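Trainee: Next comes the structure file entry_22.txt, holding compact mmCIF, C-alpha atoms.
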```
# COMPACT_ATOMS: atom_id res chain seq x y z
CA MET A 179 28.81 111.74 95.81
CA LEU A 180 30.02 109.39 98.57
CA LYS A 181 30.76 110.69 102.04
CA ILE A 182 32.06 108.32 104.71
CA GLU A 183 32.39 109.98 108.12
CA ASN A 184 34.07 108.34 111.12
CA LEU A 185 33.06 104.86 110.00
CA THR A 186 33.69 102.17 112.61
CA LYS A 187 32.89 98.48 112.15
CA THR A 188 33.76 95.92 114.83
CA TYR A 189 33.89 92.15 114.71
CA GLY A 190 34.03 90.93 118.30
CA ASP A 191 37.03 92.66 119.88
CA LYS A 192 38.59 93.65 116.57
CA LYS A 193 37.96 96.95 114.83
CA ALA A 194 37.96 96.09 111.14
CA VAL A 195 37.43 99.77 110.32
CA ASP A 196 38.38 102.47 112.81
CA SER A 197 36.97 106.02 112.50
CA LEU A 198 37.50 106.15 108.73
CA SER A 199 36.53 109.27 106.79
CA ILE A 200 36.61 109.57 102.97
CA TYR A 201 34.86 111.99 100.62
CA ILE A 202 34.45 111.19 96.94
CA ARG A 203 33.16 113.97 94.71
CA PRO A 204 31.30 113.71 91.40
CA GLY A 205 33.71 113.17 88.52
CA GLU A 206 36.34 111.36 90.61
CA ILE A 207 37.85 107.92 90.28
CA TYR A 208 38.92 107.13 93.84
CA GLY A 209 41.28 104.25 94.56
CA PHE A 210 41.30 102.39 97.87
CA ILE A 211 44.59 100.68 98.71
CA GLY A 212 45.65 98.37 101.54
CA HIS A 213 47.03 94.95 102.36
CA ASN A 214 44.81 91.89 102.80
CA GLY A 215 42.74 92.30 105.94
CA ALA A 216 43.27 96.07 106.12
CA GLY A 217 39.52 96.79 106.08
CA LYS A 218 38.96 97.61 102.41
CA THR A 219 36.19 95.10 101.72
CA THR A 220 34.44 95.86 104.99
CA THR A 221 34.43 99.59 104.15
CA ILE A 222 33.17 98.91 100.63
CA LYS A 223 30.37 96.63 101.83
CA CYS A 224 29.28 99.23 104.38
CA ALA A 225 29.23 101.91 101.68
CA ALA A 226 27.16 99.65 99.42
CA GLY A 227 24.62 99.04 102.17
CA ILE A 228 25.46 95.36 102.54
CA LEU A 229 27.00 95.50 106.01
CA SER A 230 25.71 97.40 109.02
CA TYR A 231 28.20 99.45 111.00
CA ASP A 232 28.66 100.46 114.60
CA GLU A 233 29.51 104.15 114.40
CA GLY A 234 29.72 106.94 111.85
CA SER A 235 27.69 107.96 108.82
CA ILE A 236 27.67 107.14 105.11
CA TYR A 237 25.91 109.31 102.54
CA VAL A 238 25.31 108.72 98.82
CA ASP A 239 24.53 111.98 97.04
CA GLY A 240 23.50 113.45 100.40
CA ILE A 241 21.22 110.55 101.39
CA SER A 242 22.01 108.41 104.44
CA VAL A 243 22.73 104.75 103.71
CA LYS A 244 21.42 103.86 107.17
CA GLU A 245 18.24 105.96 107.07
CA ASP A 246 17.20 105.40 103.44
CA PRO A 247 19.06 102.34 102.14
CA MET A 248 16.68 101.64 99.25
CA GLN A 249 17.05 105.11 97.75
CA CYS A 250 20.83 104.85 98.04
CA LYS A 251 20.87 101.45 96.35
CA ARG A 252 18.90 102.86 93.43
CA MET A 253 21.78 105.25 92.77
CA ILE A 254 24.68 102.83 93.06
CA ALA A 255 26.08 99.63 91.61
CA TYR A 256 28.33 97.24 93.49
CA ILE A 257 30.73 94.64 92.11
CA GLN A 258 32.32 92.31 94.63
CA ASP A 259 35.73 90.73 94.18
CA ASN A 260 34.26 87.31 93.38
CA PRO A 261 30.99 87.82 91.45
CA ASP A 262 28.16 85.86 93.07
CA LEU A 263 25.77 85.38 90.15
CA TYR A 264 22.81 83.09 89.51
CA ASP A 265 24.48 80.18 87.74
CA TYR A 266 21.20 78.64 86.58
CA MET A 267 20.45 81.71 84.45
CA THR A 268 21.90 82.52 81.08
CA GLY A 269 23.89 85.72 80.75
CA ILE A 270 21.07 87.57 78.98
CA GLN A 271 18.51 86.39 81.54
CA TYR A 272 20.66 87.75 84.33
CA LEU A 273 21.13 91.13 82.65
CA ASN A 274 17.39 91.43 82.00
CA PHE A 275 16.76 90.47 85.63
CA ILE A 276 19.01 93.29 86.85
CA ALA A 277 17.45 95.72 84.35
CA ASP A 278 13.99 94.78 85.65
CA ILE A 279 15.05 95.49 89.24
CA PHE A 280 16.18 99.01 88.30
CA GLY A 281 13.27 99.64 85.91
CA VAL A 282 15.38 100.13 82.77
CA PRO A 283 13.08 100.33 79.71
CA ALA A 284 13.37 97.52 77.14
CA ASP A 285 14.78 99.63 74.32
CA ILE A 286 17.39 101.31 76.53
CA ARG A 287 18.52 98.07 78.17
CA SER A 288 18.83 96.37 74.79
CA GLU A 289 21.11 99.09 73.46
CA ARG A 290 23.29 99.07 76.58
CA ILE A 291 23.55 95.29 76.72
CA ASP A 292 24.56 95.18 73.05
CA ARG A 293 27.10 97.98 73.45
CA TYR A 294 28.82 96.76 76.60
CA SER A 295 28.74 93.04 75.77
CA GLU A 296 30.22 93.76 72.34
CA SER A 297 32.96 95.94 73.86
CA LEU A 298 33.87 93.35 76.48
CA GLY A 299 33.71 90.40 74.07
CA LEU A 300 30.82 88.67 75.83
CA ARG A 301 27.99 89.14 73.33
CA ASP A 302 28.29 85.68 71.74
CA SER A 303 28.19 84.03 75.18
CA LEU A 304 25.06 85.69 76.59
CA ALA A 305 22.85 82.76 75.59
CA GLN A 306 24.99 80.34 77.59
CA ALA A 307 24.34 79.37 81.21
CA ILE A 308 26.40 81.38 83.69
CA SER A 309 27.50 78.06 85.21
CA SER A 310 29.60 77.51 82.08
CA TYR A 311 31.37 80.88 82.39
CA SER A 312 34.99 81.29 83.42
CA HIS A 313 35.84 83.69 86.25
CA GLY A 314 36.76 86.36 83.71
CA MET A 315 33.46 85.97 81.87
CA LYS A 316 31.55 86.26 85.14
CA GLN A 317 33.51 89.41 85.94
CA LYS A 318 32.55 90.89 82.55
CA LEU A 319 28.89 90.02 83.13
CA ALA A 320 29.03 91.68 86.55
CA VAL A 321 30.50 94.82 84.98
CA ILE A 322 27.73 94.99 82.36
CA SER A 323 25.07 94.49 85.05
CA ALA A 324 26.58 97.33 87.09
CA TRP A 325 26.54 99.73 84.15
CA ILE A 326 23.08 98.81 82.83
CA HIS A 327 21.12 101.36 84.88
CA GLU A 328 23.77 104.11 84.63
CA PRO A 329 24.24 104.58 88.39
CA LYS A 330 25.63 107.76 89.87
CA LEU A 331 28.14 105.82 91.96
CA ILE A 332 29.88 102.54 91.15
CA ILE A 333 31.60 100.71 94.00
CA MET A 334 33.97 97.87 93.08
CA ASP A 335 36.18 95.48 95.01
CA GLU A 336 39.18 94.35 92.94
CA PRO A 337 37.38 94.79 89.59
CA PHE A 338 40.37 93.92 87.39
CA VAL A 339 40.98 90.44 88.84
CA GLY A 340 40.33 87.82 86.16
CA LEU A 341 39.98 90.28 83.29
CA ASP A 342 42.16 89.87 80.21
CA PRO A 343 44.28 92.91 79.20
CA LYS A 344 41.81 94.08 76.53
CA ALA A 345 38.82 93.88 78.87
CA ALA A 346 40.78 95.66 81.61
CA HIS A 347 41.63 98.45 79.18
CA ILE A 348 37.98 98.79 78.15
CA LEU A 349 36.83 98.83 81.78
CA LYS A 350 39.21 101.72 82.50
CA GLY A 351 37.59 103.67 79.68
CA MET A 352 34.12 102.84 80.98
CA MET A 353 35.11 104.07 84.43
CA ARG A 354 36.39 107.36 83.07
CA ASP A 355 33.23 107.80 81.01
CA VAL A 356 31.08 107.45 84.14
CA CYS A 357 33.04 110.26 85.79
CA ASP A 358 32.98 112.45 82.67
CA ARG A 359 29.18 112.27 82.89
CA GLY A 360 29.20 113.43 86.53
CA GLY A 361 29.27 110.08 88.28
CA ALA A 362 31.93 108.69 90.61
CA ILE A 363 33.91 105.49 91.06
CA PHE A 364 35.16 104.03 94.36
CA PHE A 365 37.22 100.88 93.99
CA SER A 366 39.84 98.81 95.74
CA THR A 367 42.78 97.26 93.94
CA HIS A 368 46.11 95.57 94.54
CA VAL A 369 47.30 96.59 91.07
CA LEU A 370 49.11 99.76 92.10
CA GLU A 371 50.28 100.62 88.59
CA VAL A 372 46.65 100.73 87.43
CA ALA A 373 45.64 102.88 90.39
CA GLU A 374 48.50 105.30 89.80
CA LYS A 375 47.57 105.87 86.16
CA LEU A 376 43.79 105.79 86.53
CA CYS A 377 42.82 107.39 89.84
CA ASP A 378 42.20 111.06 90.52
CA LYS A 379 42.48 110.44 94.25
CA VAL A 380 43.61 107.59 96.45
CA ALA A 381 43.38 106.50 100.07
CA ILE A 382 45.66 104.03 101.84
CA ILE A 383 44.26 102.08 104.78
CA LYS A 384 46.17 100.01 107.32
CA GLU A 385 44.67 97.92 110.12
CA GLY A 386 41.33 99.68 109.66
CA LYS A 387 42.73 103.20 109.91
CA LEU A 388 43.27 105.74 107.18
CA VAL A 389 46.99 106.31 106.72
CA THR A 390 46.91 108.91 103.97
CA SER A 391 44.59 110.25 101.27
CA GLY A 392 44.45 112.95 98.63
CA THR A 393 45.12 113.50 94.98
CA MET A 394 47.51 111.08 93.36
CA ALA A 395 50.14 113.81 93.14
CA GLU A 396 49.75 114.68 96.82
CA VAL A 397 50.02 111.07 97.97
CA LYS A 398 52.93 109.89 95.83
CA GLY A 399 54.87 113.11 95.35
CA ASP A 400 57.99 112.46 93.27
CA SER A 401 57.93 108.76 94.08
CA SER A 402 55.71 105.94 92.78
CA LEU A 403 52.51 104.79 94.45
CA GLU A 404 54.12 101.41 95.01
CA SER A 405 57.07 102.98 96.85
CA VAL A 406 54.79 105.07 99.04
CA PHE A 407 52.57 102.09 99.83
CA LEU A 408 55.50 99.87 100.77
CA GLU A 409 57.01 102.59 102.94
CA LEU A 410 53.73 103.18 104.78
CA GLU A 411 53.28 99.44 105.22
CA GLY A 412 56.68 99.28 106.87
```
Could you spell out this file's structure in structure tokens?

Mentor:
Amino acid sequence: MLKIENLTKTYGDKKAVDSLSIYIRPGEIYGFIGHNGAGKTTTIKCAAGILSYDEGSIYVDGISVKEDPMQCKRMIAYIQDNPDLYDYMTGIQYLNFIADIFGVPADIRSERIDRYSESLGLRDSLAQAISSYSHGMKQKLAVISAWIHEPKLIIMDEPFVGLDPKAAHILKGMMRDVCDRGGAIFFSTHVLEVAEKLCDKVAIIKEGKLVTSGTMAEVKGDSSLESVFLELEG
């Protein structure tokens, strides 16, 4: 579903990402772990088609992000760590705007908006201006907007930040449902306990380079993900 091959991204003299290769298959929740500044967000933005890159290749469902970015973006959704929404819109206006971009029919979008906003506890706030939303409410709105066109691949940067425990629990279920339907999830997180319980596979990155990757069992062995991460971080 997502293939990253020898990805290299440089800022001046610094390699933010250095020859990174990751392969995420349909049906997988793939966690991306690393300290601040390790290259996680840069990798994610390259995969989402937001940042250009110097070397390597990225494919979404076999299509090159560099050669056909529009087709790739039709198949994905991206949630950044700090949702950058249109504050002058109401929540429902924003969701309809996103649904229009992806050509989601009115009856289908209405059902999905109702279902996800009810689950995440945002339905009664959709008529309010986004400028009045808390960070957690904006995060919920971003989640709904990502799910509204049922993308094949959802890419998220720290999606659980700002969510209350109930919303975080619901989001985990939504992520698993995407994969049960043949989609895939690629997300970064600092919440290692969540990653350990939720992810099928995980990759740990340090200073732009891949340190280890594989199934959760392969990476953590008889230890915890936290212990492995701290050991690899030195």

Trainee: I want to know what sits within 10 Å of Ala346 in chain A, based on all atoms listed in the file, with residues of the same chain fewer than 4 positions away left out; could you give that as a list in words?

Mentor: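 Non-adjacent residues within range: Leu298, Lys318, Pro337, Phe338, Val339, Gly340, Leu341, Asp342, Lys350, Gly351, Met352 and Val372 of chain A.
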
Trainee: So that I have them on file, write out the residues from the current selection with C-alpha atoms, as a tab-separated table (two decimals), in the coordinates of the input.

Mentor:
```tsv
chain	number	residue	atom	x	y	z
A	298	LEU	CA	33.87	93.35	76.48
A	318	LYS	CA	32.55	90.89	82.55
A	337	PRO	CA	37.38	94.79	89.59
A	338	PHE	CA	40.37	93.92	87.39
A	339	VAL	CA	40.98	90.44	88.84
A	340	GLY	CA	40.33	87.82	86.16
A	341	LEU	CA	39.98	90.28	83.29
A	342	ASP	CA	42.16	89.87	80.21
A	350	LYS	CA	39.21	101.72	82.50
A	351	GLY	CA	37.59	103.67	79.68
A	352	MET	CA	34.12	102.84	80.98
A	372	VAL	CA	46.65	100.73	87.43
```

Trainee: I'd like to know which of A:Tyr237, A:Phe364, A:Phe407, A:Tyr264 is closest to Thr219 in chain A, using all atoms listed in the file.

Mentor: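 The shortest atom-to-atom distance to Thr219 in chain A comes from A:Phe364.
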
Trainee: My list of candidates is A:Tyr231, A:Tyr266, A:Trp325, A:Tyr311. Which is closest to Asp355 in chain A when distances are computed with only C-alpha atoms?

Mentor: A:Trp325

Trainee: Can you tell me which residues surround range 374-378 of chain A at a distance of at most 10 Å, considering all atoms listed in the file, apart from same-chain residues fewer than 5 positions away, and format the answer as an mmCIF file with C-alpha atoms, keeping the file's coordinate frame?

Mentor:
```
data_model
loop_
_atom_site.group_PDB
_atom_site.id
_atom_site.type_symbol
_atom_site.label_atom_id
_atom_site.label_comp_id
_atom_site.auth_asym_id
_atom_site.auth_seq_id
_atom_site.Cartn_x
_atom_site.Cartn_y
_atom_site.Cartn_z
ATOM 1 C CA GLY A 205 33.710 113.170 88.520
ATOM 2 C CA GLU A 206 36.340 111.360 90.610
ATOM 3 C CA ILE A 207 37.850 107.920 90.280
ATOM 4 C CA TYR A 208 38.920 107.130 93.840
ATOM 5 C CA GLY A 209 41.280 104.250 94.560
ATOM 6 C CA PHE A 210 41.300 102.390 97.870
ATOM 7 C CA LYS A 350 39.210 101.720 82.500
ATOM 8 C CA GLY A 351 37.590 103.670 79.680
ATOM 9 C CA MET A 353 35.110 104.070 84.430
ATOM 10 C CA ARG A 354 36.390 107.360 83.070
ATOM 11 C CA ILE A 363 33.910 105.490 91.060
ATOM 12 C CA PHE A 364 35.160 104.030 94.360
ATOM 13 C CA PHE A 365 37.220 100.880 93.990
ATOM 14 C CA VAL A 369 47.300 96.590 91.070
ATOM 15 C CA GLY A 392 44.450 112.950 98.630
ATOM 16 C CA THR A 393 45.120 113.500 94.980
ATOM 17 C CA MET A 394 47.510 111.080 93.360
ATOM 18 C CA ALA A 395 50.140 113.810 93.140
ATOM 19 C CA LYS A 398 52.930 109.890 95.830
ATOM 20 C CA SER A 402 55.710 105.940 92.780
ATOM 21 C CA LEU A 403 52.510 104.790 94.450
ATOM 22 C CA GLU A 404 54.120 101.410 95.010
#
```

Trainee: So, counting all atoms listed in the file, which residue among A:Leu300, A:His327, A:Val389, A:Leu180 is closest to Cys250 in chain A?

Mentor: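 Nearest candidate to Cys250 in chain A out of A:Leu300, A:His327, A:Val389, A:Leu180: A:Leu180.
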
Trainee: Nearest residue to Phe275 in chain A out of A:Lys244, A:Ser323, A:Thr367, A:Ile228, using all atoms listed in the file?

Mentor: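 Among the listed residues, A:Ser323 lies closest to Phe275 in chain A.
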
Trainee: Find, counting only C-alpha atoms, the residue in A:Val321, A:Leu198, A:Leu273, A:Cys224 that gets nearest to Ala305 in chain A.

Mentor: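 Answer, going by the shortest atom-to-atom distance: A:Leu273.
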
Trainee: Give the answer as one residue: which of A:Asp358, A:Glu328, A:Glu289, A:Asp246 has the shortest atom-to-atom distance to Gly227 in chain A, using all atoms listed in the file?

Mentor: A:Asp246

Trainee: Please report, as a Markdown table, each residue of range 208-240 of chain A lying at most 12 Å from range 186-197 of chain A, together with the nearest pair of atoms and the separation in Å rounded to one decimal; use only C-alpha atoms, and order rows by chain and ascending residue number.

Mentor:
```
| residue | atom | partner | partner_atom | distance |
| --- | --- | --- | --- | --- |
| A:Asn214 | CA | A:Ala194 | CA | 11.6 |
| A:Gly215 | CA | A:Ala194 | CA | 8.0 |
| A:Ala216 | CA | A:Ala194 | CA | 7.3 |
| A:Gly217 | CA | A:Ala194 | CA | 5.3 |
| A:Lys218 | CA | A:Val195 | CA | 8.3 |
| A:Thr219 | CA | A:Ala194 | CA | 9.6 |
| A:Thr220 | CA | A:Ala194 | CA | 7.1 |
| A:Thr221 | CA | A:Val195 | CA | 6.9 |
| A:Ile222 | CA | A:Val195 | CA | 10.6 |
| A:Lys223 | CA | A:Lys187 | CA | 10.8 |
| A:Cys224 | CA | A:Lys187 | CA | 8.6 |
| A:Ala225 | CA | A:Lys187 | CA | 11.6 |
| A:Leu229 | CA | A:Lys187 | CA | 9.0 |
| A:Ser230 | CA | A:Lys187 | CA | 7.9 |
| A:Tyr231 | CA | A:Lys187 | CA | 4.9 |
| A:Asp232 | CA | A:Lys187 | CA | 5.3 |
| A:Glu233 | CA | A:Thr186 | CA | 5.0 |
| A:Gly234 | CA | A:Thr186 | CA | 6.3 |
| A:Ser235 | CA | A:Thr186 | CA | 9.2 |
| A:Ile236 | CA | A:Thr186 | CA | 10.8 |
```

Trainee: Between CA of Ile276 in chain A and CA of Ser366 in chain A, what is the distance, to one decimal in Å?

Mentor: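 Computing the Euclidean distance for CA of Ile276 in chain A and CA of Ser366 in chain A yields 23.3 Å.
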
Trainee: How many Å separate CA of Ala255 in chain A from CA of Ala320 in chain A?

Mentor: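 Separating CA of Ala255 in chain A from CA of Ala320 in chain A is a distance of 9.9 Å.
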
Trainee: Interatomic distance between CA of Pro329 in chain A and CA of Gly361 in chain A?

Mentor: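 Answer for the CA of Pro329 in chain A to CA of Gly361 in chain A separation: 7.5 Å.
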
Trainee: What's around Gly269 in chain A at 6 Å? Count all atoms listed in the file, leave out sequence neighbours fewer than 3 positions away in its own chain, and write the answer as a PyMOL selection string.

Mentor: chain A and resi 272+304+308

Trainee: Write out as an mmCIF file with C-alpha atoms, in the coordinates of the input the residues lying within 7 Å of Pro261 in chain A, counting all atoms listed in the file and excluding same-chain residues fewer than 3 positions away.

Mentor:
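And here's part-v1.cif as it stands now:
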```cif
data_model
loop_
_atom_site.group_PDB
_atom_site.id
_atom_site.type_symbol
_atom_site.label_atom_id
_atom_site.label_comp_id
_atom_site.auth_asym_id
_atom_site.auth_seq_id
_atom_site.Cartn_x
_atom_site.Cartn_y
_atom_site.Cartn_z
ATOM 1 C CA ILE A 257 30.730 94.640 92.110
ATOM 2 C CA GLN A 258 32.320 92.310 94.630
ATOM 3 C CA LYS A 316 31.550 86.260 85.140
ATOM 4 C CA GLN A 317 33.510 89.410 85.940
ATOM 5 C CA ALA A 320 29.030 91.680 86.550
#
```

Trainee: Kindly add N, CA, C and O atoms to the incomplete range 227-250 of chain A and provide the output as a compact mmCIF listing (two decimals), in the frame of the given file.

Mentor:
```txt
# COMPACT_ATOMS: atom_id res chain seq x y z
N GLY A 227 25.83 99.38 101.43
CA GLY A 227 24.62 99.04 102.17
C GLY A 227 24.44 97.57 102.44
O GLY A 227 23.35 97.11 102.78
N ILE A 228 25.52 96.80 102.33
CA ILE A 228 25.46 95.36 102.54
C ILE A 228 25.74 95.00 104.00
O ILE A 228 25.12 94.10 104.55
N LEU A 229 26.67 95.71 104.61
CA LEU A 229 27.00 95.50 106.01
C LEU A 229 26.50 96.66 106.87
O LEU A 229 26.58 97.82 106.45
N SER A 230 26.00 96.35 108.05
CA SER A 230 25.71 97.40 109.02
C SER A 230 27.02 97.84 109.65
O SER A 230 28.05 97.19 109.50
N TYR A 231 26.99 98.96 110.35
CA TYR A 231 28.20 99.45 111.00
C TYR A 231 27.86 100.02 112.36
O TYR A 231 26.70 100.33 112.66
N ASP A 232 28.88 100.12 113.20
CA ASP A 232 28.66 100.46 114.60
C ASP A 232 28.58 101.97 114.85
O ASP A 232 27.76 102.44 115.63
N GLU A 233 29.47 102.70 114.19
CA GLU A 233 29.51 104.15 114.40
C GLU A 233 29.78 104.85 113.06
O GLU A 233 30.29 104.24 112.12
N GLY A 234 29.45 106.14 113.03
CA GLY A 234 29.72 106.94 111.85
C GLY A 234 28.52 107.06 110.93
O GLY A 234 27.41 106.60 111.24
N SER A 235 28.75 107.71 109.79
CA SER A 235 27.69 107.96 108.82
C SER A 235 28.22 107.74 107.41
O SER A 235 29.40 107.99 107.14
N ILE A 236 27.34 107.29 106.52
CA ILE A 236 27.67 107.14 105.11
C ILE A 236 26.53 107.77 104.30
O ILE A 236 25.35 107.46 104.54
N TYR A 237 26.90 108.64 103.36
CA TYR A 237 25.91 109.31 102.54
C TYR A 237 26.23 109.08 101.05
O TYR A 237 27.38 109.17 100.64
N VAL A 238 25.20 108.80 100.28
CA VAL A 238 25.31 108.72 98.82
C VAL A 238 24.50 109.86 98.24
O VAL A 238 23.27 109.91 98.41
N ASP A 239 25.19 110.80 97.60
CA ASP A 239 24.53 111.98 97.04
C ASP A 239 23.67 112.68 98.09
O ASP A 239 22.55 113.12 97.82
N GLY A 240 24.18 112.74 99.32
CA GLY A 240 23.50 113.45 100.40
C GLY A 240 22.46 112.64 101.15
O GLY A 240 21.85 113.14 102.10
N ILE A 241 22.23 111.39 100.76
CA ILE A 241 21.22 110.55 101.39
C ILE A 241 21.90 109.50 102.27
O ILE A 241 22.85 108.85 101.85
N SER A 242 21.40 109.33 103.49
CA SER A 242 22.01 108.41 104.44
C SER A 242 21.76 106.96 104.05
O SER A 242 20.62 106.55 103.82
N VAL A 243 22.84 106.18 104.00
CA VAL A 243 22.73 104.75 103.71
C VAL A 243 21.95 104.04 104.81
O VAL A 243 21.20 103.10 104.55
N LYS A 244 22.09 104.50 106.04
CA LYS A 244 21.42 103.86 107.17
C LYS A 244 19.95 104.23 107.23
O LYS A 244 19.09 103.39 107.52
N GLU A 245 19.62 105.50 106.93
CA GLU A 245 18.24 105.96 107.07
C GLU A 245 17.39 105.67 105.85
O GLU A 245 16.17 105.48 105.97
N ASP A 246 17.97 105.67 104.66
CA ASP A 246 17.20 105.40 103.44
C ASP A 246 18.01 104.50 102.51
O ASP A 246 18.46 104.91 101.43
N PRO A 247 18.20 103.24 102.92
CA PRO A 247 19.06 102.34 102.14
C PRO A 247 18.54 102.05 100.74
O PRO A 247 19.33 101.92 99.80
N MET A 248 17.23 101.96 100.56
CA MET A 248 16.68 101.64 99.25
C MET A 248 16.96 102.75 98.24
O MET A 248 17.32 102.48 97.08
N GLN A 249 16.79 104.00 98.66
CA GLN A 249 17.05 105.11 97.75
C GLN A 249 18.53 105.16 97.37
O GLN A 249 18.88 105.42 96.22
N CYS A 250 19.39 104.87 98.33
CA CYS A 250 20.83 104.85 98.04
C CYS A 250 21.16 103.75 97.04
O CYS A 250 21.94 103.95 96.10
```
